Amino acid sequence: MAGPPPFRYILDTNQFSRQDLDFFLRQAEKLEEQRREDIFGMLEGKILASLFFESSTRTRLSFETAMLRLGGQVITTVGFQFSSISKGETLYDTMKMVEAYSDIAVIRHPVEGSSRIAAAAVSIPVINAGDGTGQHPTQALLDLYTIFRERGSPDGLRIAFIGDLKFGRTIHSLIHLLQHYNVEMIFISPLDLALPESYKKSLRKQNVSFEETEDMKEMWDCDVAYVTRIQEERFVDKNEFDRLKNSYSINRAFVQASRRNTLIMHPLPRVSELSTDVDDLPNAAYFRQAGYGVTVRMTLLLLCLGNFPEGQS
Amino acid sequence: MAGPPPFRYILDTNQFSRQDLDFFLRQAEKLEEQRREDIFGMLEGKILASLFFESSTRTRLSFETAMLRLGGQVITTVGFQFSSISKGETLYDTMKMVEAYSDIAVIRHPVEGSSRIAAAAVSIPVINAGDGTGQHPTQALLDLYTIFRERGSPDGLRIAFIGDLKFGRTIHSLIHLLQHYNVEMIFISPLDLALPESYKKSLRKQNVSFEETEDMKEMWDCDVAYVTRIQEERFVDKNEFDRLKNSYSINRAFVQASRRNTLIMHPLPRVSELSTDVDDLPNAAYFRQAGYGVTVRMTLLLLCLGNFPEGQS
Amino acid sequence: MAGPPPFRYILDTNQFSRQDLDFFLRQAEKLEEQRREDIFGMLEGKILASLFFESSTRTRLSFETAMLRLGGQVITTVGFQFSSISKGETLYDTMKMVEAYSDIAVIRHPVEGSSRIAAAAVSIPVINAGDGTGQHPTQALLDLYTIFRERGSPDGLRIAFIGDLKFGRTIHSLIHLLQHYNVEMIFISPLDLALPESYKKSLRKQNVSFEETEDMKEMWDCDVAYVTRIQEERFVDKNEFDRLKNSYSINRAFVQASRRNTLIMHPLPRVSELSTDVDDLPNAAYFRQAGYGVTVRMTLLLLCLGNFPEGQS
């Protein structure tokens, strides 16, 4: 049975209602419960075009693994070594070729809005795997699924977002999805990297409860902490960066001081903001998060292709 | 049943007789008529070595898609990052390795004649996917198949070739195949980019009827117009290029003025010589052409490997 | 039935006993005797992560071919374009991602010891495909298997190693494996490229009989000659290199002068040290060696994944 219309293409977190998200979470969970042997072969004979005009190994391999795990096949192109584009071909024309070759396409592109242009060009489903400073909806869905799998429905949870809230694309996308749930959001960051006003305005409009603080210890009262990198290149003053880097670094002792057994998430790659001594704590979810990424992308491929097994929805 | 001997390797358009071409066109058409489920699995357990010493994403993905659609698998290498070659390995030695790994190889190489050297080194079938200024026979076969599928047998058709007839490798290869049919050829180009004398000599020898003109409107009396890019780098005088670029640019109104519902073909990528407002006209065949490319390469893989199903030939 | 514990990961030639090697050789031979149709599908549904942080097309394609021939699938990444590593990710974190995606990983890395770090990070099997100046154990196993297939058990054989014995990684690894057999080793090289003292010490300790010489003709009394490249970059004096290059170059007449029908092996790529006029002699084994590489890697994949068919061991 095909998924509902919002899952015919995946371009933007805006395209999903609360009902869509609940449906999606149930589907992903059901898929994960199935034995691997039942799943393998669902997309036999189908081809995924994996179009990474910008390098993103983690995301690319996650999608390709998802397709192969379902028995499908993959054609890949990485970078603008993409020869016809260097000859001046438009994205529209490239997609018309891709449409002739494959059953579904995943696109990563440095220019915001590219995935929408790509989707408009063709009749096959297109999934946005990140376009410039724009959306990265499948990352947001896998983050949502991680919360759901590890802590149940987000309703009623207190969720901290830590680090670079100003530029962090994954945080912006996840905040957007969580507006559909009855959550409390705590934004923990240096003032210079605070959540932009436009996002706060949107949260107020949706009556989402949120707080802002510079104090890392607020994490201890949260069910979930979503940690991100603080990027050096954002700072004019190198000393300021070094000071913040250390104050926004989380280690094992700090996590264990939590009063709520806070689930630690991170989109990866991490650098110094999350110490490796956290890794073997049971509430360190970030490596499991990578695995859920495959489940989520398998679910999306099945929904987009209308190949979800009978009786699953 | 294996195909006839001319399909044991694909190196040059010269290797085919009229009978071979007729056989090939029938096979490709039969393959296209089969349901996808019947086809999938024909090459299960076979491996294609996709050797692109020169980047050509369109051609590479077309071959890889063809192999995967038949249930086969692909190993790929792109560019001279090909490590053993950078250590001084010869193409002969590289091919001996490829022979040990795979069942069939496709090779794209910047040096003319490379595919012939590659084929001579090994006992597995080798397909030339373009070598330097030399041949690109599978492109010519897909162009021929496009004409056949869209307008029936080329016999009796009036076919225009437009643009850079001097350097256009795809045009030279297609002209060569069409000499086996009773066609009229119209060569439309600026004088500086006219068809080289050697090709005209060959056409006269074969008693192929042809005309040359600079006037684009001659296209209106043709059944097929094969359009190619005029490449800026061919011109010493930039102003001359700009003038020609505009005079050899085809738009919707111009196509609709045709008296013969002219089929518009293009090997792609296109730039300004073919306006996007032509795209949704029913006689704009160039995006379908890309799809026929997969069919044609599936047919060639099956013929080369002798795996064409019983009763098909 | 799973292989014995030494085959749960492949990191170092040191991990194998004589018993392990005998077991391995029998398994590889049995696999080769099976019909291709019986083998295909053994690893259906499994995914190999092919992680080549350093380019090595021959080794990469050999492993990927092995996986595909068994019905498995492959995800690949080549070079440090590996995006998350360029963002500062550690190999440990990269491997945690790979573990979430795949069932087994092959790693090639420029830094010695990397494969051990990679293996320690994850619970899936990891195979070392060469790390820096360190080990390349699967090359040594395929060299051993080549001797076994072409000349039977190495016991009692007289084996010459020719060329750069100082830096040649494949020679060092093979010497190590052959210490488990009752062989005589003849090291033929210019003085400046002689086998390092540490290796000779180890051979003496194991009571392995060996001789050293600069005289190429010693090869004529050997059952096997393992030839390697003399690399120009090792020489300060260009004239010295040119002199040696010529004196350590093997051609057809030289091979035919052998009194023992010496088997000629080479890890490839070759340059001038081995003339192409040797290629079609029956005792030129180096291209068959490449094919055995696929057999050996198939065997290793099956053993590591515990998927060796019942009754095979």
# chains A, B, ... in the order shown; residues from 1 in each chain; ligands from 1
$ calpha_fit_and_write --fixed "chain A" --moving "chain C" --output "compact mmCIF listing (two decimals) with C-alpha atoms, in the first residue's frame"
# COMPACT_ATOMS: atom_id res chain seq x y z
CA MET C 1 -0.05 0.00 -0.06
CA ALA C 2 1.30 3.41 -0.94
CA GLY C 3 1.90 5.96 1.76
CA PRO C 4 -0.23 9.08 1.97
CA PRO C 5 0.51 11.86 -0.55
CA PRO C 6 2.96 13.71 1.72
CA PHE C 7 5.36 10.83 1.17
CA ARG C 8 5.44 10.93 -2.63
CA TYR C 9 8.50 13.18 -2.41
CA ILE C 10 10.58 14.38 0.55
CA LEU C 11 11.68 17.98 0.13
CA ASP C 12 10.90 19.96 3.24
CA THR C 13 9.91 19.40 6.87
CA ASN C 14 6.99 21.75 6.17
CA GLN C 15 5.22 19.15 4.11
CA PHE C 16 4.31 16.96 7.10
CA SER C 17 1.35 17.23 9.46
CA ARG C 18 1.29 15.66 12.92
CA GLN C 19 -0.77 12.84 11.44
CA ASP C 20 1.85 12.26 8.74
CA LEU C 21 4.61 12.11 11.34
CA ASP C 22 2.72 9.65 13.52
CA PHE C 23 2.09 7.48 10.47
CA PHE C 24 5.75 7.66 9.51
CA LEU C 25 7.00 6.74 12.98
CA ARG C 26 4.73 3.69 13.11
CA GLN C 27 5.88 2.55 9.67
CA ALA C 28 9.55 2.89 10.57
CA GLU C 29 9.03 0.97 13.80
CA LYS C 30 7.19 -1.83 11.98
CA LEU C 31 9.96 -2.05 9.41
CA GLU C 32 12.54 -2.37 12.15
CA GLU C 33 10.59 -5.16 13.78
CA GLN C 34 10.52 -7.22 10.59
CA ARG C 35 13.12 -9.89 10.10
CA ARG C 36 15.76 -8.96 7.59
CA GLU C 37 14.80 -11.85 5.31
CA ASP C 38 11.27 -10.48 4.98
CA ILE C 39 12.51 -7.09 3.95
CA PHE C 40 15.15 -8.08 1.48
CA GLY C 41 13.67 -8.07 -1.99
CA MET C 42 10.94 -5.47 -1.44
CA LEU C 43 12.61 -3.15 -3.95
CA GLU C 44 14.15 -5.80 -6.19
CA GLY C 45 14.49 -4.49 -9.70
CA LYS C 46 14.32 -0.84 -8.61
CA ILE C 47 17.19 1.61 -9.08
CA LEU C 48 18.08 4.54 -6.85
CA ALA C 49 20.02 7.43 -8.40
CA SER C 50 22.31 8.72 -5.67
CA LEU C 51 23.21 12.25 -6.82
CA PHE C 52 25.73 13.90 -4.50
CA PHE C 53 26.79 17.16 -6.12
CA GLU C 54 28.33 17.90 -2.75
CA SER C 55 30.19 15.34 -0.71
CA SER C 56 28.38 13.87 2.30
CA THR C 57 29.64 10.37 2.83
CA ARG C 58 27.53 9.63 5.90
CA THR C 59 24.25 10.58 4.22
CA ARG C 60 25.16 8.99 0.89
CA LEU C 61 26.15 5.64 2.40
CA SER C 62 23.06 5.69 4.62
CA PHE C 63 20.74 6.02 1.61
CA GLU C 64 22.69 3.53 -0.49
CA THR C 65 22.67 1.02 2.37
CA ALA C 66 18.91 1.51 2.78
CA MET C 67 18.30 0.81 -0.92
CA LEU C 68 20.58 -2.24 -1.00
CA ARG C 69 19.05 -3.67 2.21
CA LEU C 70 15.69 -3.63 0.39
CA GLY C 71 17.09 -5.54 -2.58
CA GLY C 72 17.29 -2.50 -4.84
CA GLN C 73 20.29 -1.24 -6.75
CA VAL C 74 22.15 2.06 -6.84
CA ILE C 75 23.78 4.26 -9.47
CA THR C 76 26.00 6.95 -7.97
CA THR C 77 27.62 10.16 -8.95
CA VAL C 78 29.69 12.26 -6.57
CA GLY C 79 30.77 15.88 -7.06
CA PHE C 80 30.77 18.23 -10.02
CA GLN C 81 33.17 15.96 -11.81
CA PHE C 82 29.66 15.19 -13.09
CA SER C 83 30.83 15.68 -16.64
CA SER C 84 27.77 17.02 -18.45
CA ILE C 85 27.26 19.70 -15.79
CA SER C 86 30.78 20.93 -16.36
CA LYS C 87 29.73 21.28 -20.04
CA GLY C 88 26.98 23.69 -18.96
CA GLU C 89 24.04 21.31 -18.56
CA THR C 90 21.23 22.54 -16.31
CA LEU C 91 19.95 20.59 -13.32
CA TYR C 92 16.65 20.25 -15.21
CA ASP C 93 18.33 18.42 -18.11
CA THR C 94 20.42 16.29 -15.77
CA MET C 95 17.24 15.21 -14.00
CA LYS C 96 15.53 14.29 -17.28
CA MET C 97 18.42 11.89 -17.87
CA VAL C 98 18.18 10.54 -14.32
CA GLU C 99 14.44 9.99 -14.79
CA ALA C 100 15.18 7.83 -17.83
CA TYR C 101 17.59 5.68 -15.84
CA SER C 102 16.18 5.26 -12.34
CA ASP C 103 13.03 4.76 -10.26
CA ILE C 104 13.81 7.23 -7.49
CA ALA C 105 16.47 9.87 -6.87
CA VAL C 106 18.22 11.27 -3.81
CA ILE C 107 19.86 14.64 -4.30
CA ARG C 108 22.43 16.57 -2.26
CA HIS C 109 23.32 19.96 -3.71
CA PRO C 110 25.18 23.04 -2.42
CA VAL C 111 22.48 25.44 -3.66
CA GLU C 112 19.32 25.95 -1.60
CA GLY C 113 16.14 25.06 -3.47
CA SER C 114 17.89 22.64 -5.86
CA SER C 115 15.93 19.62 -4.71
CA ARG C 116 12.65 21.38 -5.46
CA ILE C 117 13.86 22.22 -8.99
CA ALA C 118 14.98 18.62 -9.40
CA ALA C 119 11.64 17.24 -8.22
CA ALA C 120 9.67 19.54 -10.52
CA ALA C 121 11.61 18.29 -13.54
CA VAL C 122 10.68 14.63 -13.25
CA SER C 123 7.87 12.19 -12.53
CA ILE C 124 9.92 9.90 -10.28
CA PRO C 125 10.08 10.57 -6.52
CA VAL C 126 12.91 12.86 -5.40
CA ILE C 127 14.31 13.00 -1.87
CA ASN C 128 16.18 16.06 -0.62
CA ALA C 129 19.38 14.96 1.15
CA GLY C 130 20.36 18.52 2.00
CA ASP C 131 20.51 21.57 -0.27
CA GLY C 132 22.78 24.35 0.87
CA THR C 133 21.59 26.29 3.87
CA GLY C 134 18.11 24.93 3.20
CA GLN C 135 16.39 21.84 4.46
CA HIS C 136 17.70 18.36 5.31
CA PRO C 137 14.34 16.71 6.07
CA THR C 138 15.49 13.08 6.28
CA GLN C 139 17.98 14.04 9.01
CA ALA C 140 15.11 15.64 10.96
CA LEU C 141 12.98 12.53 10.50
CA LEU C 142 15.75 10.26 11.73
CA ASP C 143 16.29 12.54 14.74
CA LEU C 144 12.57 12.42 15.48
CA TYR C 145 12.57 8.64 15.11
CA THR C 146 15.54 8.37 17.49
CA ILE C 147 13.61 10.24 20.19
CA PHE C 148 10.54 8.07 19.52
CA ARG C 149 12.47 4.80 19.68
CA GLU C 150 14.51 5.70 22.74
CA ARG C 151 12.01 7.70 24.81
CA GLY C 152 8.59 7.09 23.21
CA SER C 153 6.30 9.79 21.86
CA PRO C 154 7.88 13.25 22.08
CA ASP C 155 4.70 14.51 23.77
CA GLY C 156 5.54 15.71 27.26
CA LEU C 157 9.32 15.59 26.80
CA ARG C 158 11.73 18.35 27.76
CA ILE C 159 14.32 18.63 25.00
CA ALA C 160 17.56 20.64 25.09
CA PHE C 161 19.32 21.91 21.97
CA ILE C 162 22.97 22.64 22.64
CA GLY C 163 25.70 24.37 20.68
CA ASP C 164 25.42 26.33 17.45
CA LEU C 165 21.71 27.12 17.30
CA LYS C 166 22.26 30.00 14.89
CA PHE C 167 23.63 28.09 11.91
CA GLY C 168 22.86 24.44 12.78
CA ARG C 169 20.70 23.17 9.93
CA THR C 170 19.80 19.88 11.61
CA ILE C 171 18.57 21.72 14.72
CA HIS C 172 16.39 24.07 12.69
CA SER C 173 14.76 21.17 10.86
CA LEU C 174 14.18 19.14 14.02
CA ILE C 175 12.69 22.12 15.88
CA HIS C 176 10.30 22.44 13.02
CA LEU C 177 9.09 18.85 13.25
CA LEU C 178 8.82 18.96 17.05
CA GLN C 179 6.41 21.91 16.86
CA HIS C 180 3.79 19.27 16.07
CA TYR C 181 4.31 17.73 19.50
CA ASN C 182 3.64 18.98 23.00
CA VAL C 183 7.30 19.46 23.96
CA GLU C 184 9.26 21.94 26.04
CA MET C 185 12.38 23.21 24.28
CA ILE C 186 15.48 24.51 26.07
CA PHE C 187 17.97 26.34 23.86
CA ILE C 188 21.45 26.31 25.36
CA SER C 189 24.09 28.31 23.52
CA PRO C 190 26.45 31.24 23.77
CA LEU C 191 24.60 34.47 23.01
CA ASP C 192 26.37 34.86 19.68
CA LEU C 193 25.06 31.50 18.49
CA ALA C 194 21.50 31.82 19.81
CA LEU C 195 18.48 30.62 17.84
CA PRO C 196 17.47 33.24 15.22
CA GLU C 197 14.43 35.39 16.02
CA SER C 198 12.44 33.99 13.08
CA TYR C 199 12.43 30.52 14.66
CA LYS C 200 11.40 31.87 18.06
CA LYS C 201 8.57 33.81 16.43
CA SER C 202 7.33 30.65 14.79
CA LEU C 203 7.49 28.76 18.10
CA ARG C 204 5.49 31.47 19.89
CA LYS C 205 2.90 31.38 17.13
CA GLN C 206 2.54 27.63 17.62
CA ASN C 207 2.36 28.08 21.40
CA VAL C 208 5.45 25.92 21.87
CA SER C 209 6.96 26.43 25.30
CA PHE C 210 10.67 27.30 25.18
CA GLU C 211 13.48 28.82 27.25
CA GLU C 212 16.87 30.23 26.35
CA THR C 213 19.98 30.02 28.48
CA GLU C 214 23.75 30.01 28.34
CA ASP C 215 23.97 27.59 31.22
CA MET C 216 24.85 24.03 30.23
CA LYS C 217 23.57 22.65 33.52
CA GLU C 218 20.00 23.19 32.32
CA MET C 219 20.57 20.02 30.36
CA TRP C 220 20.33 18.04 33.61
CA ASP C 221 16.58 18.65 33.75
CA CYS C 222 15.93 17.51 30.18
CA ASP C 223 14.86 14.13 28.78
CA VAL C 224 16.85 14.63 25.60
CA ALA C 225 19.93 16.72 24.78
CA TYR C 226 20.63 17.33 21.10
CA VAL C 227 24.27 18.42 20.91
CA THR C 228 25.94 20.02 17.89
CA ARG C 229 29.37 21.24 16.94
CA ILE C 230 30.44 24.83 17.55
CA GLN C 231 32.23 25.70 14.35
CA GLU C 232 35.45 27.68 14.64
CA GLU C 233 34.88 29.48 11.33
CA ARG C 234 31.86 31.28 12.79
CA PHE C 235 34.06 33.29 15.16
CA VAL C 236 35.97 36.48 14.49
CA ASP C 237 37.76 36.24 17.82
CA LYS C 238 39.78 33.06 18.19
CA ASN C 239 40.06 33.48 21.98
CA GLU C 240 36.30 33.74 22.27
CA PHE C 241 35.98 30.47 20.32
CA ASP C 242 38.44 28.67 22.61
CA ARG C 243 36.60 29.87 25.70
CA LEU C 244 33.22 28.72 24.39
CA LYS C 245 34.50 25.47 22.97
CA ASN C 246 35.52 24.40 26.44
CA SER C 247 32.42 25.62 28.24
CA TYR C 248 30.19 23.80 25.75
CA SER C 249 32.02 20.51 25.94
CA ILE C 250 30.19 17.54 27.45
CA ASN C 251 31.96 14.69 29.21
CA ARG C 252 30.95 11.56 31.09
CA ALA C 253 30.82 13.14 34.55
CA PHE C 254 28.64 15.96 33.27
CA VAL C 255 26.19 13.55 31.65
CA GLN C 256 26.05 11.38 34.76
CA ALA C 257 25.10 14.44 36.85
CA SER C 258 21.79 14.62 34.99
CA ARG C 259 18.65 14.19 37.09
CA ARG C 260 16.65 12.76 34.19
CA ASN C 261 18.99 10.19 32.58
CA THR C 262 19.18 12.61 29.64
CA LEU C 263 19.39 10.94 26.24
CA ILE C 264 22.43 12.29 24.40
CA MET C 265 21.96 12.80 20.66
CA HIS C 266 24.36 14.23 18.06
CA PRO C 267 24.04 14.36 14.26
CA LEU C 268 27.79 13.60 13.92
CA PRO C 269 30.53 14.15 13.07
CA ARG C 270 31.50 15.34 16.52
CA VAL C 271 34.76 16.96 17.52
CA SER C 272 35.56 18.22 21.02
CA GLU C 273 32.03 19.17 22.14
CA LEU C 274 31.25 15.59 23.08
CA SER C 275 33.90 13.54 24.84
CA THR C 276 34.50 9.93 23.85
CA ASP C 277 34.19 8.89 27.51
CA VAL C 278 30.43 9.38 27.08
CA ASP C 279 30.23 6.73 24.34
CA ASP C 280 29.57 3.66 26.44
CA LEU C 281 26.90 5.19 28.66
CA PRO C 282 23.51 3.60 27.95
CA ASN C 283 21.95 7.00 27.28
CA ALA C 284 24.55 7.89 24.62
CA ALA C 285 22.30 7.44 21.59
CA TYR C 286 24.34 9.01 18.82
CA PHE C 287 25.79 5.85 17.31
CA ARG C 288 22.39 4.13 17.44
CA GLN C 289 21.06 7.27 15.76
CA ALA C 290 23.24 6.44 12.72
CA GLY C 291 21.62 3.01 12.55
CA TYR C 292 18.12 4.47 12.80
CA GLY C 293 19.14 6.59 9.80
CA VAL C 294 19.16 3.46 7.67
CA THR C 295 15.75 2.35 9.00
CA VAL C 296 14.28 5.79 8.36
CA ARG C 297 15.63 5.94 4.82
CA MET C 298 14.39 2.43 4.07
CA THR C 299 10.95 3.53 5.25
CA LEU C 300 11.08 6.66 3.08
CA LEU C 301 12.19 4.73 0.01
CA LEU C 302 9.31 2.29 0.47
CA LEU C 303 6.77 5.05 1.05
CA CYS C 304 7.97 7.14 -1.90
CA LEU C 305 7.87 4.15 -4.21
CA GLY C 306 4.50 3.03 -2.91
CA ASN C 307 5.96 -0.36 -2.07
CA PHE C 308 5.07 -0.59 1.57
CA PRO C 309 3.84 -4.12 2.16
CA GLU C 310 0.11 -4.79 2.46
CA GLY C 311 -1.23 -4.67 5.96
CA GLN C 312 1.66 -2.53 7.17
CA SER C 313 -0.11 0.80 7.32
$ select_by_dssp --residues "segment 79-151 of chain A" --states "helix (DSSP H, G or I)" --output "PyMOL selection string"
chain A and resi 83-86+91-101+114-121+137-151
